[in-house]
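Dropping data-v8.csv in here (CSV, C-alpha atoms):
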```csv
chain,number,residue,atom,x,y,z
A,284,MET,CA,-9.1,-1.6,-37.7
A,285,GLU,CA,-6.0,0.4,-36.7
A,286,ARG,CA,-7.9,1.8,-33.6
A,287,ILE,CA,-8.7,-1.7,-32.5
A,288,PHE,CA,-5.0,-2.7,-32.3
A,289,SER,CA,-3.8,0.7,-31.1
A,290,LEU,CA,-2.1,0.8,-27.7
A,291,ASP,CA,-4.3,3.7,-26.8
A,292,ASN,CA,-7.4,1.6,-27.1
A,293,PRO,CA,-9.0,1.4,-23.7
A,294,VAL,CA,-9.3,-2.4,-23.9
A,295,TRP,CA,-5.5,-2.9,-24.5
A,296,LYS,CA,-4.7,-0.3,-21.9
A,297,PHE,CA,-6.8,-2.2,-19.4
A,298,ILE,CA,-5.1,-5.5,-20.3
A,299,GLY,CA,-1.7,-3.7,-20.0
A,300,ASN,CA,-2.7,-2.4,-16.5
A,301,ILE,CA,-3.7,-5.9,-15.4
A,302,ALA,CA,-0.3,-7.2,-16.6
A,303,ASP,CA,1.5,-4.4,-14.7
A,304,MET,CA,-0.5,-5.2,-11.5
A,305,PHE,CA,0.6,-8.8,-11.9
A,306,PHE,CA,4.3,-7.9,-12.3
A,307,LEU,CA,4.1,-5.5,-9.4
A,308,SER,CA,2.6,-8.2,-7.2
A,309,VAL,CA,5.3,-10.7,-8.1
A,310,LEU,CA,8.0,-8.1,-7.4
A,311,TRP,CA,6.3,-7.3,-4.1
A,312,TYR,CA,6.0,-10.9,-3.1
A,313,LEU,CA,9.7,-11.5,-3.9
A,314,CYS,CA,10.7,-8.5,-1.8
A,315,LEU,CA,8.6,-9.8,1.0
A,316,ILE,CA,10.8,-12.9,1.4
A,317,PRO,CA,13.2,-10.9,3.7
A,318,VAL,CA,10.4,-9.4,5.9
A,319,PHE,CA,12.4,-6.3,6.6
A,320,THR,CA,12.1,-5.1,3.0
A,321,ALA,CA,8.3,-5.2,2.9
A,322,GLY,CA,7.9,-1.5,3.6
A,323,CYS,CA,10.3,-0.6,0.9
A,324,ALA,CA,8.6,-2.9,-1.6
A,325,THR,CA,5.2,-1.3,-0.7
A,326,SER,CA,6.6,2.2,-1.3
A,327,ALA,CA,8.2,1.1,-4.6
A,328,MET,CA,4.9,-0.4,-5.7
A,329,TYR,CA,3.0,2.8,-5.0
A,330,TYR,CA,5.7,4.8,-6.8
A,331,VAL,CA,4.6,3.0,-9.9
A,332,THR,CA,0.8,2.9,-9.3
A,333,LEU,CA,0.5,6.6,-8.4
A,334,LYS,CA,1.9,7.3,-11.8
A,335,MET,CA,-0.2,4.7,-13.5
A,336,THR,CA,-3.4,6.4,-12.4
A,337,ARG,CA,-2.2,9.6,-13.9
A,338,ASP,CA,-1.0,8.0,-17.2
A,339,LEU,CA,2.6,8.9,-16.3
A,340,GLU,CA,3.9,5.4,-15.9
A,341,GLY,CA,7.1,4.3,-17.6
A,342,LYS,CA,8.8,0.8,-17.4
A,343,THR,CA,7.2,-0.9,-14.5
A,344,ILE,CA,10.1,-3.0,-13.3
A,345,SER,CA,12.8,-0.3,-13.7
A,346,GLN,CA,10.7,2.3,-11.8
A,347,PHE,CA,10.0,-0.2,-9.0
A,348,ILE,CA,13.7,-0.9,-8.7
A,349,LYS,CA,14.5,2.8,-8.8
A,350,SER,CA,12.2,3.6,-6.0
A,351,PHE,CA,13.2,0.6,-4.0
A,352,LYS,CA,16.9,1.7,-4.0
A,353,LEU,CA,16.0,5.4,-3.4
A,354,ASN,CA,13.8,4.8,-0.4
A,355,PHE,CA,15.3,1.7,1.1
A,356,LYS,CA,16.9,3.3,4.2
A,357,GLN,CA,14.0,5.4,5.2
A,358,THR,CA,11.3,2.8,4.6
A,359,THR,CA,13.2,0.1,6.4
A,360,THR,CA,13.9,2.4,9.4
A,361,LEU,CA,10.1,2.9,9.7
A,362,TRP,CA,9.0,-0.7,8.8
A,363,ILE,CA,11.1,-2.7,11.3
A,364,PRO,CA,9.7,-0.9,14.4
A,365,SER,CA,6.2,-1.2,12.9
A,366,VAL,CA,6.6,-5.0,12.5
A,367,ILE,CA,7.7,-5.3,16.1
A,368,LEU,CA,4.8,-3.2,17.4
A,369,LEU,CA,2.3,-5.1,15.2
A,370,THR,CA,3.7,-8.4,16.5
A,371,ILE,CA,3.3,-7.3,20.1
A,372,LEU,CA,-0.3,-6.2,19.5
A,373,PHE,CA,-1.1,-9.6,17.8
A,374,ILE,CA,0.3,-11.5,20.7
A,375,ASP,CA,-1.5,-9.3,23.2
A,376,ILE,CA,-4.8,-9.8,21.4
A,377,LYS,CA,-4.3,-13.5,21.2
A,378,MET,CA,-3.5,-13.7,24.9
A,379,ALA,CA,-6.5,-11.5,25.8
A,380,VAL,CA,-8.9,-13.7,23.6
A,381,LEU,CA,-7.7,-16.8,25.5
A,382,SER,CA,-8.0,-15.2,28.8
A,383,THR,CA,-11.0,-15.8,31.1
A,384,SER,CA,-10.6,-12.4,32.7
A,385,ALA,CA,-13.7,-10.1,32.9
A,386,VAL,CA,-11.7,-7.3,31.3
A,387,ALA,CA,-10.5,-9.5,28.4
A,388,VAL,CA,-13.1,-8.2,26.0
A,389,PHE,CA,-12.3,-4.6,26.8
A,390,ILE,CA,-8.6,-5.2,26.3
A,391,VAL,CA,-9.2,-7.0,22.9
A,392,VAL,CA,-11.3,-4.0,21.7
A,393,ILE,CA,-8.6,-1.5,22.8
A,394,PHE,CA,-5.8,-3.5,21.1
A,395,PHE,CA,-7.9,-4.0,18.0
A,396,ILE,CA,-8.5,-0.3,17.7
A,397,CYS,CA,-4.7,0.3,18.1
A,398,LEU,CA,-4.1,-2.3,15.4
A,399,LEU,CA,-6.5,-0.6,13.0
A,400,LEU,CA,-5.0,2.8,13.6
A,401,ILE,CA,-1.5,1.6,12.9
A,402,THR,CA,-2.7,-0.2,9.8
A,403,ILE,CA,-4.4,3.0,8.5
A,404,LEU,CA,-1.2,5.0,9.2
A,405,LEU,CA,1.0,2.4,7.4
A,406,SER,CA,-1.4,2.3,4.5
A,407,MET,CA,-0.8,6.0,4.0
A,408,LEU,CA,2.8,6.3,5.1
A,409,PHE,CA,4.5,4.2,2.3
A,410,PRO,CA,2.6,5.9,-0.5
A,411,LEU,CA,3.6,9.2,1.1
A,412,ILE,CA,7.2,8.3,1.0
A,413,ALA,CA,6.8,7.2,-2.7
A,414,ARG,CA,5.3,10.6,-3.5
A,415,CYS,CA,7.2,13.0,-1.2
A,416,ASP,CA,10.9,13.4,-0.4
A,417,ASP,CA,11.3,14.5,3.2
A,418,SER,CA,13.0,13.6,6.5
A,419,THR,CA,11.7,10.5,8.4
A,420,VAL,CA,10.3,12.6,11.2
A,421,ASN,CA,8.5,14.9,8.8
A,422,GLN,CA,7.1,11.9,6.9
A,423,LEU,CA,5.6,10.6,10.1
A,424,LYS,CA,4.2,14.0,11.1
A,425,ASN,CA,2.7,14.6,7.7
A,426,CYS,CA,1.2,11.1,7.6
A,427,VAL,CA,-0.6,11.6,10.9
A,428,LYS,CA,-1.9,15.0,9.8
A,429,ILE,CA,-3.1,13.6,6.5
A,430,CYS,CA,-4.9,10.7,8.2
A,431,ILE,CA,-6.5,13.1,10.7
A,432,ARG,CA,-7.7,15.5,8.1
A,433,ASN,CA,-8.9,12.8,5.7
A,434,PRO,CA,-10.2,10.1,8.0
A,435,LEU,CA,-12.7,8.4,5.7
A,436,ALA,CA,-10.3,8.3,2.7
A,437,SER,CA,-7.5,7.0,4.9
A,438,LEU,CA,-9.8,4.3,6.3
A,439,SER,CA,-11.0,3.3,2.8
A,440,VAL,CA,-7.4,2.8,1.7
A,441,ALA,CA,-6.7,0.4,4.7
A,442,LEU,CA,-10.0,-1.4,4.1
A,443,ILE,CA,-9.3,-2.0,0.5
A,444,ASN,CA,-5.9,-3.6,1.4
A,445,ILE,CA,-7.5,-5.8,4.1
A,446,SER,CA,-10.5,-6.8,2.0
A,447,LEU,CA,-8.5,-8.0,-1.0
A,448,ILE,CA,-6.2,-10.1,1.3
A,449,LEU,CA,-9.2,-11.7,3.1
A,450,LEU,CA,-11.0,-12.2,-0.2
A,451,GLY,CA,-7.9,-14.0,-1.6
A,452,LEU,CA,-7.3,-16.1,1.6
A,453,PHE,CA,-10.9,-17.2,2.3
A,454,VAL,CA,-12.9,-16.9,-0.9
A,455,PHE,CA,-10.9,-17.0,-4.2
A,456,TRP,CA,-7.2,-17.6,-3.9
A,457,PRO,CA,-6.2,-16.5,-7.5
A,458,ILE,CA,-6.9,-13.0,-6.5
A,459,LEU,CA,-3.7,-13.1,-4.4
A,460,LEU,CA,-1.8,-13.2,-7.7
A,461,ILE,CA,-2.6,-9.5,-8.3
A,462,ALA,CA,-3.9,-8.4,-4.9
A,463,PRO,CA,-0.9,-6.2,-3.9
A,464,GLY,CA,-0.7,-4.5,-7.2
A,465,PHE,CA,-4.5,-4.2,-7.7
A,466,SER,CA,-5.1,-2.8,-4.2
A,467,ALA,CA,-2.2,-0.3,-4.7
A,468,TYR,CA,-3.7,0.7,-8.1
A,469,LEU,CA,-7.2,1.3,-6.6
A,470,ASN,CA,-5.9,3.1,-3.6
A,471,SER,CA,-3.7,5.4,-5.8
A,472,TYR,CA,-6.8,7.1,-7.2
A,473,VAL,CA,-7.8,8.0,-3.6
A,474,ILE,CA,-4.3,8.8,-2.5
A,475,ASN,CA,-3.5,11.1,-5.4
A,476,ARG,CA,-6.6,13.1,-4.7
A,477,ILE,CA,-5.5,13.5,-1.1
A,478,PHE,CA,-2.0,14.4,-2.0
A,479,ASP,CA,-3.1,16.9,-4.6
A,480,LYS,CA,-4.6,19.0,-1.8
A,481,TYR,CA,-1.1,19.5,-0.4
A,482,SER,CA,0.5,20.2,-3.8
A,483,MET,CA,2.7,17.1,-3.7
A,484,SER,CA,4.0,16.6,-7.2
A,485,LEU,CA,4.7,13.3,-9.0
A,486,GLU,CA,8.4,13.0,-9.9
```
Rewrite the coordinates I just gave you, this time as structure tokens.
Amino acid sequence: MERIFSLDNPVWKFIGNIADMFFLSVLWYLCLIPVFTAGCATSAMYYVTLKMTRDLEGKTISQFIKSFKLNFKQTTTLWIPSVILLTILFIDIKMAVLSTSAVAVFIVVIFFICLLLITILLSMLFPLIARCDDSTVNQLKNCVKICIRNPLASLSVALINISLILLGLFVFWPILLIAPGFSAYLNSYVINRIFDKYSMSLE
């Protein structure tokens, strides 16, 4: 009977993880209200989930806030130009789709590939910042190297993010309640294995 109600019981641990994913998602959505903090919120969320998948988690909210404050400047510096670039690509894709030009299809394909590559890089960049303390330039360089050396794993991380968002928007909206935290949790298993290759320790 004691084992049933023990916090080490896999069932209770699973329920606890679901609750943590919900709280992380709420925190992420709140930090998304001012768009410029989205990158920092994503990094803070991964700071928690990377530890969760290694059974090193502490208090979810306090760790999220700790990472948010610690990496605010660096993540914001990287996120704002990324948003501008993504916005330009979205506008260009929309204009190309509406165009009757013969090269419109080619332009859409090129811009879509660029959009996918940026999404893959961003999907790996903010977890990297959560895991590794380095200069902004080195973070970008290391992120590109990691994505090149681990293309399938990097692509899978981006696809999990995109799939859960699309699933929530077009199939079953309640998934959106835990989608950010859940996708970060799933991705953390993949990302930890990648980062372990390069001896990046969890703080």
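Going from atom CA of A:Ser350 over to atom CA of A:Tyr330, you cover 6.7 Å.
With distances restricted to all atoms listed in the file, A:Ala321 is the closest residue to A:Val366 from A:Ala321, A:Gly299, A:Lys424, A:Leu435.
Remark: for A:Phe351, the closest of the candidate residues A:Ser326, A:Ser365, A:Asn421, A:Thr336 is A:Ser326 (distances computed over only C-alpha atoms).
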Open item on the list: From the options A:Ser382, A:Thr332, A:Ser446, A:Gln357, which residue's atoms come nearest to A:Leu408, counting all atoms listed in the file?
Closed with: A:Gln357
Open item on the list: Show me, as an MDAnalysis selection string, the residues that have an atom within 12 Å of A:Cys430 when counting all atoms listed in the file, minus same-chain residues fewer than 5 positions from it.
Closed with: chainID A and resid 400:408 411 423:425 435:441 474 477:478
Open item on the list: Every residue with an atom at most 9 Å from (6.8, 8.7, 0.6) (file coordinates; all atoms listed in the file) is what I'm after, so could you write them as JSON, numbers by chain?
Closed with: {"A": [326, 329, 330, 354, 358, 407, 408, 409, 410, 411, 412, 413, 414, 415, 416, 417, 422]}
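For the pair atom CA of A:Ile443 and atom CA of A:Ile458, the interatomic distance is 13.3 Å.
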TODO: Kindly indicate which residue among A:Leu310, A:Leu449, A:Ile316, A:Leu398 lies nearest to A:Thr370, using all atoms listed in the file for the distances.
DONE: A:Leu398
Open item on the list: Neighbouring residues of stretch 390-392 of chain A were defined as those with any atom within 7 Å, considering only C-alpha atoms; residues of the same chain fewer than 6 positions away were excluded. Please report them as a PyMOL selection string.
Closed with: chain A and resi 376+379-380
- [ ] Select, from A:Phe394, A:Tyr468, A:Phe455, A:Trp311, the residue with the minimum atom-to-atom distance to A:Phe347, counting only C-alpha atoms.
- [x] A:Trp311
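Using only C-alpha atoms, the shortest contact distance between A:Lys334 and any of A:Val386, A:Leu372, A:Leu460, A:Ala467 is found at A:Ala467.
Here atom CA of A:Arg476 stands at a distance of 20.8 Å from atom CA of A:Gly341.
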